[in-house]
Structures are given as structure tokens and as C-alpha cells.
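Okay, input_35.cif now, which holds mmCIF, C-alpha atoms:
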data_input
#
loop_
_atom_site.group_PDB
_atom_site.id
_atom_site.type_symbol
_atom_site.label_atom_id
_atom_site.label_comp_id
_atom_site.auth_asym_id
_atom_site.auth_seq_id
_atom_site.Cartn_x
_atom_site.Cartn_y
_atom_site.Cartn_z
ATOM 1 C CA MET G 13 -11.241 -18.929 -2.396
ATOM 2 C CA LYS G 14 -9.008 -16.891 -0.089
ATOM 3 C CA GLN G 15 -10.637 -14.113 1.921
ATOM 4 C CA SER G 16 -9.080 -10.778 1.003
ATOM 5 C CA THR G 17 -8.169 -8.467 3.889
ATOM 6 C CA ILE G 18 -8.603 -5.388 1.703
ATOM 7 C CA CYS G 19 -11.685 -3.186 2.213
ATOM 8 C CA PRO G 20 -14.496 -4.183 -0.203
ATOM 9 C CA LYS G 21 -15.282 -0.516 -0.931
ATOM 10 C CA PHE G 22 -11.705 0.070 -2.011
ATOM 11 C CA GLU G 23 -11.799 -3.087 -4.137
ATOM 12 C CA LYS G 24 -14.926 -1.815 -5.877
ATOM 13 C CA ALA G 25 -13.354 1.560 -6.627
ATOM 14 C CA ILE G 26 -10.236 -0.127 -7.991
ATOM 15 C CA SER G 27 -12.308 -2.472 -10.135
ATOM 16 C CA LEU G 28 -14.159 0.521 -11.577
ATOM 17 C CA LEU G 29 -10.853 2.049 -12.679
ATOM 18 C CA SER G 30 -9.714 -1.369 -13.903
ATOM 19 C CA GLN G 31 -12.190 -1.214 -16.753
ATOM 20 C CA ARG G 32 -10.419 0.033 -19.816
ATOM 21 C CA TRP G 33 -11.268 3.670 -20.762
ATOM 22 C CA MET G 34 -13.156 4.351 -17.512
ATOM 23 C CA GLY G 35 -10.488 6.649 -16.110
ATOM 24 C CA LEU G 36 -10.080 8.458 -19.421
ATOM 25 C CA VAL G 37 -13.822 9.063 -19.819
ATOM 26 C CA ILE G 38 -14.094 10.528 -16.298
ATOM 27 C CA TYR G 39 -10.920 12.576 -16.874
ATOM 28 C CA GLN G 40 -12.328 13.991 -20.096
ATOM 29 C CA LEU G 41 -15.645 14.883 -18.424
ATOM 30 C CA LEU G 42 -13.792 16.825 -15.715
ATOM 31 C CA LEU G 43 -13.456 19.469 -18.439
ATOM 32 C CA GLY G 44 -17.237 19.960 -18.314
ATOM 33 C CA THR G 45 -20.454 18.900 -20.021
ATOM 34 C CA GLN G 46 -19.855 17.310 -23.405
ATOM 35 C CA ARG G 47 -21.621 15.600 -26.248
ATOM 36 C CA PHE G 48 -20.895 12.018 -27.284
ATOM 37 C CA ARG G 49 -18.775 12.960 -30.316
ATOM 38 C CA GLU G 50 -16.666 15.381 -28.303
ATOM 39 C CA ILE G 51 -15.736 12.717 -25.767
ATOM 40 C CA GLN G 52 -15.171 10.193 -28.508
ATOM 41 C CA SER G 53 -12.800 12.348 -30.540
ATOM 42 C CA ALA G 54 -10.941 13.569 -27.457
ATOM 43 C CA ILE G 55 -10.010 10.099 -26.249
ATOM 44 C CA GLY G 56 -9.997 8.135 -29.509
ATOM 45 C CA ILE G 57 -12.412 5.399 -28.386
ATOM 46 C CA SER G 58 -14.880 3.413 -30.497
ATOM 47 C CA GLY G 59 -18.524 4.508 -30.372
ATOM 48 C CA LYS G 60 -19.679 1.116 -29.110
ATOM 49 C CA VAL G 61 -17.221 1.027 -26.221
ATOM 50 C CA LEU G 62 -17.856 4.659 -25.258
ATOM 51 C CA SER G 63 -21.589 3.984 -25.254
ATOM 52 C CA ASP G 64 -21.092 0.976 -22.951
ATOM 53 C CA ARG G 65 -18.831 2.906 -20.591
ATOM 54 C CA LEU G 66 -21.200 5.867 -20.371
ATOM 55 C CA LYS G 67 -24.134 3.555 -19.583
ATOM 56 C CA ASP G 68 -22.094 1.860 -16.883
ATOM 57 C CA LEU G 69 -20.985 5.190 -15.397
ATOM 58 C CA GLU G 70 -24.572 6.436 -15.504
ATOM 59 C CA SER G 71 -25.836 3.315 -13.699
ATOM 60 C CA GLN G 72 -23.225 3.892 -11.003
ATOM 61 C CA GLY G 73 -24.300 7.499 -10.522
ATOM 62 C CA ILE G 74 -21.005 8.910 -11.789
ATOM 63 C CA VAL G 75 -22.241 10.359 -15.085
ATOM 64 C CA LYS G 76 -25.464 12.237 -15.812
ATOM 65 C CA ARG G 77 -27.079 12.039 -19.266
ATOM 66 C CA GLU G 78 -29.386 14.834 -20.347
ATOM 67 C CA VAL G 79 -31.580 14.751 -23.428
ATOM 68 C CA PHE G 80 -32.760 18.007 -25.006
ATOM 69 C CA PRO G 81 -35.732 17.342 -27.322
ATOM 70 C CA LYS G 82 -34.681 19.495 -30.250
ATOM 71 C CA THR G 83 -34.322 18.528 -33.888
ATOM 72 C CA PRO G 84 -31.903 16.857 -34.085
ATOM 73 C CA VAL G 85 -32.023 15.723 -30.479
ATOM 74 C CA ILE G 86 -29.135 16.912 -28.279
ATOM 75 C CA ILE G 87 -27.675 14.579 -25.665
ATOM 76 C CA GLU G 88 -25.159 15.880 -23.149
ATOM 77 C CA TYR G 89 -23.027 14.051 -20.625
ATOM 78 C CA SER G 90 -21.623 15.467 -17.421
ATOM 79 C CA LEU G 91 -20.233 14.287 -14.105
ATOM 80 C CA THR G 92 -22.427 14.067 -11.030
ATOM 81 C CA GLU G 93 -21.107 15.096 -7.614
ATOM 82 C CA LYS G 94 -19.886 11.514 -7.176
ATOM 83 C CA GLY G 95 -18.107 11.799 -10.517
ATOM 84 C CA TYR G 96 -16.455 15.135 -9.750
ATOM 85 C CA ALA G 97 -15.283 13.635 -6.466
ATOM 86 C CA MET G 98 -12.961 11.475 -8.610
ATOM 87 C CA GLU G 99 -10.968 14.557 -9.614
ATOM 88 C CA PRO G 100 -8.262 14.157 -6.903
ATOM 89 C CA VAL G 101 -7.732 10.544 -8.023
ATOM 90 C CA LEU G 102 -7.236 11.535 -11.662
ATOM 91 C CA LYS G 103 -5.038 14.498 -10.712
ATOM 92 C CA GLU G 104 -2.751 12.244 -8.664
ATOM 93 C CA ILE G 105 -2.501 9.786 -11.564
ATOM 94 C CA GLU G 106 -1.593 12.755 -13.778
ATOM 95 C CA ASN G 107 1.064 13.949 -11.304
ATOM 96 C CA TRP G 108 2.551 10.481 -11.041
ATOM 97 C CA SER G 109 2.588 10.018 -14.819
ATOM 98 C CA GLN G 110 4.354 13.343 -15.374
ATOM 99 C CA LEU G 111 7.071 12.439 -12.885
ATOM 100 C CA TRP G 112 7.529 8.752 -13.579
ATOM 101 C CA VAL G 113 6.344 7.672 -17.026
ATOM 102 C CA PRO G 114 9.212 7.909 -19.524
ATOM 103 C CA SER G 115 8.659 10.027 -22.639
ATOM 104 C CA GLU G 116 8.765 7.343 -25.311
ATOM 105 C CA ASP G 117 6.883 9.654 -27.625
ATOM 106 C CA ASP G 118 9.480 12.425 -27.589
ATOM 107 C CA SER G 119 10.711 11.215 -30.961
ATOM 108 C CA SER G 120 7.259 10.737 -32.490
ATOM 109 C CA SER G 121 6.377 12.217 -35.827
ATOM 110 C CA GLU G 122 3.556 14.363 -34.435
ATOM 111 C CA LEU G 123 3.633 17.895 -35.779
ATOM 112 C CA ASN G 124 2.025 20.703 -33.795
ATOM 113 C CA MET X 20 -7.989 5.712 -35.852
ATOM 114 C CA LYS X 21 -8.789 9.001 -34.123
ATOM 115 C CA GLN X 22 -5.927 10.943 -32.535
ATOM 116 C CA SER X 23 -6.481 11.267 -28.791
ATOM 117 C CA THR X 24 -5.878 14.696 -27.251
ATOM 118 C CA ILE X 25 -5.040 13.194 -23.866
ATOM 119 C CA CYS X 26 -1.391 13.154 -22.742
ATOM 120 C CA PRO X 27 0.268 9.809 -23.637
ATOM 121 C CA LYS X 28 1.990 9.672 -20.227
ATOM 122 C CA PHE X 29 -1.371 9.931 -18.497
ATOM 123 C CA GLU X 30 -2.809 7.271 -20.796
ATOM 124 C CA LYS X 31 0.041 4.927 -19.877
ATOM 125 C CA ALA X 32 -0.508 5.447 -16.162
ATOM 126 C CA ILE X 33 -4.228 4.835 -16.553
ATOM 127 C CA SER X 34 -3.603 1.699 -18.591
ATOM 128 C CA LEU X 35 -1.296 0.400 -15.861
ATOM 129 C CA LEU X 36 -4.111 0.756 -13.328
ATOM 130 C CA SER X 37 -6.528 -0.741 -15.843
ATOM 131 C CA GLN X 38 -4.913 -4.128 -15.452
ATOM 132 C CA ARG X 39 -6.904 -6.130 -12.962
ATOM 133 C CA TRP X 40 -5.189 -6.507 -9.540
ATOM 134 C CA MET X 41 -2.444 -3.954 -10.316
ATOM 135 C CA GLY X 42 -3.819 -1.324 -7.959
ATOM 136 C CA LEU X 43 -4.425 -3.875 -5.208
ATOM 137 C CA VAL X 44 -0.895 -5.306 -5.457
ATOM 138 C CA ILE X 45 0.672 -1.834 -5.214
ATOM 139 C CA TYR X 46 -1.715 -0.919 -2.379
ATOM 140 C CA GLN X 47 -0.750 -4.043 -0.456
ATOM 141 C CA LEU X 48 2.972 -3.381 -0.925
ATOM 142 C CA LEU X 49 2.563 0.133 0.519
ATOM 143 C CA LEU X 50 2.427 -1.733 3.858
ATOM 144 C CA GLY X 51 6.071 -2.714 3.341
ATOM 145 C CA THR X 52 8.263 -5.542 2.091
ATOM 146 C CA GLN X 53 6.400 -8.824 1.748
ATOM 147 C CA ARG X 54 6.779 -12.381 0.583
ATOM 148 C CA PHE X 55 4.713 -13.848 -2.238
ATOM 149 C CA ARG X 56 2.353 -15.785 0.035
ATOM 150 C CA GLU X 57 1.667 -12.736 2.202
ATOM 151 C CA ILE X 58 0.580 -10.644 -0.780
ATOM 152 C CA GLN X 59 -1.415 -13.535 -2.167
ATOM 153 C CA SER X 60 -3.391 -14.200 1.001
ATOM 154 C CA ALA X 61 -3.949 -10.493 1.672
ATOM 155 C CA ILE X 62 -5.615 -9.828 -1.669
ATOM 156 C CA GLY X 63 -7.040 -13.265 -2.522
ATOM 157 C CA ILE X 64 -5.423 -13.552 -5.973
ATOM 158 C CA SER X 65 -4.310 -16.706 -7.795
ATOM 159 C CA GLY X 66 -0.617 -17.526 -7.704
ATOM 160 C CA LYS X 67 -0.314 -17.445 -11.479
ATOM 161 C CA VAL X 68 -1.894 -13.996 -11.818
ATOM 162 C CA LEU X 69 0.094 -12.544 -8.911
ATOM 163 C CA SER X 70 3.285 -13.886 -10.443
ATOM 164 C CA ASP X 71 2.427 -12.231 -13.781
ATOM 165 C CA ARG X 72 1.549 -8.915 -12.131
ATOM 166 C CA LEU X 73 4.726 -8.851 -10.045
ATOM 167 C CA LYS X 74 6.864 -9.544 -13.120
ATOM 168 C CA ASP X 75 5.106 -6.759 -14.991
ATOM 169 C CA LEU X 76 5.512 -4.326 -12.086
ATOM 170 C CA GLU X 77 9.178 -5.309 -11.767
ATOM 171 C CA SER X 78 9.772 -4.700 -15.486
ATOM 172 C CA GLN X 79 8.211 -1.254 -15.119
ATOM 173 C CA GLY X 80 10.466 -0.395 -12.179
ATOM 174 C CA ILE X 81 7.592 -0.211 -9.707
ATOM 175 C CA VAL X 82 8.386 -3.342 -7.702
ATOM 176 C CA LYS X 83 11.769 -4.648 -6.533
ATOM 177 C CA ARG X 84 12.334 -8.403 -6.102
ATOM 178 C CA GLU X 85 15.076 -9.542 -3.756
ATOM 179 C CA VAL X 86 16.322 -13.106 -3.448
ATOM 180 C CA PHE X 87 18.052 -14.255 -0.263
ATOM 181 C CA PRO X 88 20.012 -17.471 -0.917
ATOM 182 C CA LYS X 89 19.011 -19.405 2.185
ATOM 183 C CA THR X 90 17.451 -22.857 2.444
ATOM 184 C CA PRO X 91 14.651 -22.631 1.539
ATOM 185 C CA VAL X 92 15.312 -19.556 -0.591
ATOM 186 C CA ILE X 93 13.575 -16.365 0.579
ATOM 187 C CA ILE X 94 12.139 -13.960 -1.994
ATOM 188 C CA GLU X 95 10.855 -10.566 -0.927
ATOM 189 C CA TYR X 96 8.931 -7.937 -2.847
ATOM 190 C CA SER X 97 8.878 -4.234 -2.137
ATOM 191 C CA LEU X 98 8.045 -0.979 -3.878
ATOM 192 C CA THR X 99 10.723 1.106 -5.525
ATOM 193 C CA GLU X 100 10.674 4.922 -5.257
ATOM 194 C CA LYS X 101 8.513 4.949 -8.395
ATOM 195 C CA GLY X 102 6.161 2.484 -6.715
ATOM 196 C CA TYR X 103 5.902 4.433 -3.459
ATOM 197 C CA ALA X 104 5.143 7.530 -5.518
ATOM 198 C CA MET X 105 1.819 5.828 -6.320
ATOM 199 C CA GLU X 106 0.732 6.201 -2.682
ATOM 200 C CA PRO X 107 -1.225 9.470 -3.203
ATOM 201 C CA VAL X 108 -3.138 7.840 -6.082
ATOM 202 C CA LEU X 109 -4.168 4.850 -3.981
ATOM 203 C CA LYS X 110 -4.999 7.052 -0.977
ATOM 204 C CA GLU X 111 -7.301 9.199 -3.107
ATOM 205 C CA ILE X 112 -9.030 6.081 -4.460
ATOM 206 C CA GLU X 113 -9.450 4.949 -0.845
ATOM 207 C CA ASN X 114 -10.906 8.338 0.172
ATOM 208 C CA TRP X 115 -13.307 8.321 -2.733
ATOM 209 C CA SER X 116 -14.413 4.747 -2.042
ATOM 210 C CA GLN X 117 -15.109 5.501 1.618
ATOM 211 C CA LEU X 118 -17.259 8.473 0.707
ATOM 212 C CA TRP X 119 -19.027 7.207 -2.377
ATOM 213 C CA VAL X 120 -19.135 3.416 -2.653
ATOM 214 C CA PRO X 121 -22.299 2.090 -1.006
ATOM 215 C CA SER X 122 -21.891 -0.500 1.751
ATOM 216 C CA GLU X 123 -23.501 -3.490 0.082
ATOM 217 C CA ASP X 124 -21.713 -5.716 2.531
ATOM 218 C CA ASP X 125 -23.305 -4.226 5.643
ATOM 219 C CA SER X 126 -25.769 -7.075 5.657
ATOM 220 C CA SER X 127 -23.241 -9.814 4.888
ATOM 221 C CA SER X 128 -22.900 -12.853 7.086
ATOM 222 C CA GLU X 129 -19.323 -12.031 8.075
ATOM 223 C CA LEU X 130 -18.782 -12.428 11.816
ATOM 224 C CA ASN X 131 -16.000 -10.508 13.535
#

Full structure transcribed into C-alpha cells:
Amino acid sequence: MKQSTICPKFEKAISLLSQRWMGLVIYQLLLGTQRFREIQSAIGISGKVLSDRLKDLESQGIVKREVFPKTPVIIEYSLTEKGYAMEPVLKEIENWSQLWVPSEDDSSSELN
Amino acid sequence: MKQSTICPKFEKAISLLSQRWMGLVIYQLLLGTQRFREIQSAIGISGKVLSDRLKDLESQGIVKREVFPKTPVIIEYSLTEKGYAMEPVLKEIENWSQLWVPSEDDSSSELN
């Protein structure tokens, strides 16, 4: 195998964002603490995949999961400091997309 | 299927970066015009995958491919304006990785 000359830390960050939905989940949580269903309906992701992504983000210290022992139990997800530190990345992706991604959906049938 | 509330342009940009190696190929080309082998050895990617990624990036107007009819033929790859506009995204990923990705490789056997 060839030895890459790219910084391993950078490679790890890129591989994090290379997992489908990762960027969208972090982006959604930049809006603040949310419950599972809120995140799910905002980004249109399956429950199974969202659950996997949240566990992964939690294990990497990017997302914090808090359980409130009420009836029914309340579980809230939020970004840690490490997670919020991703904001400039997501904002730059947003800027780039606004400038450079063509509006294929301009003619969609969505009614507001 | 649930309707996502996230901007479709942003989703497209995120899905571009969600393809493995995409970010690394763009990052490498920020250094300037390069030949196939240079990119390949810099990021340690298989020839087949790099070829696929470059074609995809070319079709999206992010990478420009130039053929110089010499013997042997010379083919060079560079970023278009749209591609260079990705620089702030990659720089922010780099910043984040330097601050937040732990150095697991500090104890590696690499000798400099």
C-alpha cells in the first residue's frame, strides 16, 4: 500500500464527513438541543441509520446524549464543544453550495 | 418518505463530500496542477477509484482535465474556479482536525 503524504488527522476528519448523513446530523444539531424525532423529521433519515450515526458521534465526543427519567423518558441530543467546533466547516459547505450548486429544484412541485 | 427541511443545495454539497476520497482529491489538487500518478501517490488511493473520482469531479465542473498530445501523452488535472472555491471548506476541516482529532499516531513506528 502506498504511504499517503496527507496528515492523518485531516484524513480522519474527512472520513468522518464521508459517512453518509454525518454532516447533516451535525448541521441540524447546530440549531440546538433536540430530541430524536426532531432530528429525524428535519433531515428525513431512517430511525435505524440516525440511531447508528448518533451513537458514532457520541463515541467520538461530538454529540452528547442526555436522558431525563420522566414518564415517558425524555432523551435529548446536543453538540459538545468538539461538535460545535464543526460549525465553520458546515458554514463553508453551505456558502459553497449556495454559490456553486445549480438549482435543479427550482421547477419542483413543492408548494410553500 | 419524510420531507427534509434542509436546503437541497446544501444536501448536494454534503453528499459530494460524503463520497470516500472526494475531499482528499480536492485537497490534493489545491496544491496545483498534477498528473494522475502524483495525486495517486500523494493520497494512497487505487488507480481505479482515483479514475472514477476524477471523472465524477470533472462531470461536476470541479476538476479540469487537460491532454497534451506528446509522446507519451501527458494528462494533467487541476481545479476549476468551482473547485478552488472549496478551499475554505477544506481549510476549516484541517483546522478542526488539528484542534480536535487525537494524535493516535504519536506512538507509531514512523521514522523521519

- Message: Between X:Thr24, X:Ser97, X:Ser65, X:Gln59, which residue has the minimum interatomic distance to chain G, considering all atoms listed in the file?
- Response: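 Counting all atoms listed in the file, the residue closest to chain G is X:Thr24.
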
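Excluding Trp40 (chain X) and any residue on its chain fewer than 6 positions from it, the residues at most 9 Å away by only C-alpha atoms are Ile26, Ser27 and Ser30 of chain G; Ile62, Ile64, Val68, Leu69 and Arg72 of chain X.
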
Can you spit out the residues from that selection as a compact mmCIF listing (two decimals), keeping the file's coordinate frame, using C-alpha atoms?
# COMPACT_ATOMS: atom_id res chain seq x y z
CA ILE G 26 -10.24 -0.13 -7.99
CA SER G 27 -12.31 -2.47 -10.14
CA SER G 30 -9.71 -1.37 -13.90
CA ILE X 62 -5.62 -9.83 -1.67
CA ILE X 64 -5.42 -13.55 -5.97
CA VAL X 68 -1.89 -14.00 -11.82
CA LEU X 69 0.09 -12.54 -8.91
CA ARG X 72 1.55 -8.91 -12.13

Around all the atoms of region 75-93 of chain G listed in the file, draw an axis-aligned box and extend it by 4 Å on each of the six sides; I want its centre and edge lengths in Å to one decimal, as JSON.
{"center_x": -28.0, "center_y": 14.9, "center_z": -20.8, "size_x": 23.5, "size_y": 17.1, "size_z": 34.5}

- Message: Rounded to one decimal, what separation in Å do you get between CA of Lys103 (chain G) and CA of Gly63 (chain X)?
- Response: 29.0 Å

- Message: Using all atoms listed in the file and a cut-off of 7 Å, which residues of chain G sit close to chain X? Please list them as a PyMOL selection string.
- Response: chain G and resi 14-18+21-22+25-26+29-32+35+53-56+94+97-98+100-101+104-106+108-110+112-113

- Using all C-alpha atoms matched in sequence order, least-squares fit chain X onto chain G and give the RMSD rounded to one decimal in Å.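 Between chain G and chain X, the C-alpha RMSD is 0.2 Å.
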
- Note on the structure: A straight line from CA of Tyr103 (chain X) to CA of Ile38 (chain G) spans 24.5 Å

Limit the output to N, CA and C atoms and give region 53-89 of chain G as a CSV table (one decimal), in the first residue's frame.
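Saved as selection05.csv:
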chain,number,residue,atom,x,y,z
G,53,SER,N,-37.1,14.0,11.6
G,53,SER,CA,-38.0,14.6,10.6
G,53,SER,C,-37.4,15.8,9.9
G,54,ALA,N,-36.4,16.4,10.6
G,54,ALA,CA,-35.8,17.5,9.9
G,54,ALA,C,-34.9,17.1,8.7
G,55,ILE,N,-34.2,15.9,8.9
G,55,ILE,CA,-33.3,15.5,7.8
G,55,ILE,C,-33.8,14.4,7.0
G,56,GLY,N,-35.0,13.8,7.3
G,56,GLY,CA,-35.6,12.7,6.5
G,56,GLY,C,-34.7,11.5,6.4
G,57,ILE,N,-34.3,11.0,7.6
G,57,ILE,CA,-33.4,9.9,7.7
G,57,ILE,C,-34.1,8.7,8.4
G,58,SER,N,-33.7,7.5,8.1
G,58,SER,CA,-34.4,6.4,8.8
G,58,SER,C,-34.0,6.3,10.3
G,59,GLY,N,-34.8,5.8,11.1
G,59,GLY,CA,-34.6,5.7,12.6
G,59,GLY,C,-33.3,4.9,12.9
G,60,LYS,N,-33.2,3.8,12.2
G,60,LYS,CA,-32.0,2.9,12.4
G,60,LYS,C,-30.7,3.6,12.1
G,61,VAL,N,-30.7,4.3,10.9
G,61,VAL,CA,-29.4,5.0,10.5
G,61,VAL,C,-29.1,6.2,11.4
G,62,LEU,N,-30.2,6.9,11.8
G,62,LEU,CA,-29.9,8.0,12.7
G,62,LEU,C,-29.4,7.5,14.0
G,63,SER,N,-30.0,6.4,14.5
G,63,SER,CA,-29.5,5.9,15.8
G,63,SER,C,-28.0,5.5,15.7
G,64,ASP,N,-27.6,4.8,14.6
G,64,ASP,CA,-26.2,4.5,14.4
G,64,ASP,C,-25.3,5.7,14.4
G,65,ARG,N,-25.8,6.7,13.6
G,65,ARG,CA,-24.9,7.9,13.5
G,65,ARG,C,-24.8,8.6,14.8
G,66,LEU,N,-25.8,8.7,15.6
G,66,LEU,CA,-25.8,9.4,16.9
G,66,LEU,C,-24.9,8.7,17.8
G,67,LYS,N,-24.9,7.3,17.8
G,67,LYS,CA,-24.0,6.5,18.7
G,67,LYS,C,-22.6,6.8,18.3
G,68,ASP,N,-22.3,6.8,17.0
G,68,ASP,CA,-21.0,7.0,16.5
G,68,ASP,C,-20.5,8.4,16.9
G,69,LEU,N,-21.3,9.4,16.7
G,69,LEU,CA,-20.9,10.8,17.1
G,69,LEU,C,-20.7,10.9,18.6
G,70,GLU,N,-21.5,10.2,19.3
G,70,GLU,CA,-21.4,10.2,20.8
G,70,GLU,C,-20.0,9.6,21.2
G,71,SER,N,-19.7,8.4,20.5
G,71,SER,CA,-18.4,7.8,20.9
G,71,SER,C,-17.2,8.6,20.5
G,72,GLN,N,-17.4,9.5,19.5
G,72,GLN,CA,-16.3,10.4,19.1
G,72,GLN,C,-16.3,11.7,19.9
G,73,GLY,N,-17.2,11.8,20.8
G,73,GLY,CA,-17.2,13.0,21.6
G,73,GLY,C,-17.8,14.3,20.9
G,74,ILE,N,-18.5,14.0,19.9
G,74,ILE,CA,-19.1,15.2,19.1
G,74,ILE,C,-20.5,15.5,19.5
G,75,VAL,N,-21.2,14.4,19.9
G,75,VAL,CA,-22.6,14.6,20.4
G,75,VAL,C,-22.8,14.1,21.8
G,76,LYS,N,-23.6,14.8,22.6
G,76,LYS,CA,-23.9,14.5,24.0
G,76,LYS,C,-25.3,14.0,24.0
G,77,ARG,N,-25.6,12.9,24.7
G,77,ARG,CA,-26.9,12.3,24.9
G,77,ARG,C,-27.3,12.4,26.3
G,78,GLU,N,-28.4,13.1,26.6
G,78,GLU,CA,-28.9,13.2,28.0
G,78,GLU,C,-30.3,12.6,28.1
G,79,VAL,N,-30.4,11.8,29.2
G,79,VAL,CA,-31.6,11.1,29.5
G,79,VAL,C,-32.3,11.7,30.7
G,80,PHE,N,-33.5,12.1,30.6
G,80,PHE,CA,-34.3,12.6,31.7
G,80,PHE,C,-35.3,11.6,32.1
G,81,PRO,N,-35.2,11.1,33.3
G,81,PRO,CA,-36.0,9.9,33.8
G,81,PRO,C,-37.4,10.4,34.2
G,82,LYS,N,-38.2,10.8,33.1
G,82,LYS,CA,-39.6,11.1,33.3
G,82,LYS,C,-40.4,9.9,32.8
G,83,THR,N,-41.7,10.1,32.8
G,83,THR,CA,-42.6,9.1,32.1
G,83,THR,C,-43.4,9.8,31.1
G,84,PRO,N,-43.3,9.6,29.8
G,84,PRO,CA,-42.2,8.7,29.2
G,84,PRO,C,-40.8,9.4,29.3
G,85,VAL,N,-39.8,8.6,29.2
G,85,VAL,CA,-38.4,9.1,29.4
G,85,VAL,C,-38.1,10.1,28.2
G,86,ILE,N,-37.4,11.1,28.6
G,86,ILE,CA,-37.0,12.1,27.5
G,86,ILE,C,-35.5,12.0,27.3
G,87,ILE,N,-35.2,11.9,26.0
G,87,ILE,CA,-33.8,11.8,25.6
G,87,ILE,C,-33.4,13.0,24.7
G,88,GLU,N,-32.4,13.7,25.0
G,88,GLU,CA,-32.1,14.9,24.2
G,88,GLU,C,-30.6,14.8,23.7
G,89,TYR,N,-30.4,15.3,22.5
G,89,TYR,CA,-29.1,15.2,21.9
G,89,TYR,C,-28.6,16.7,21.6
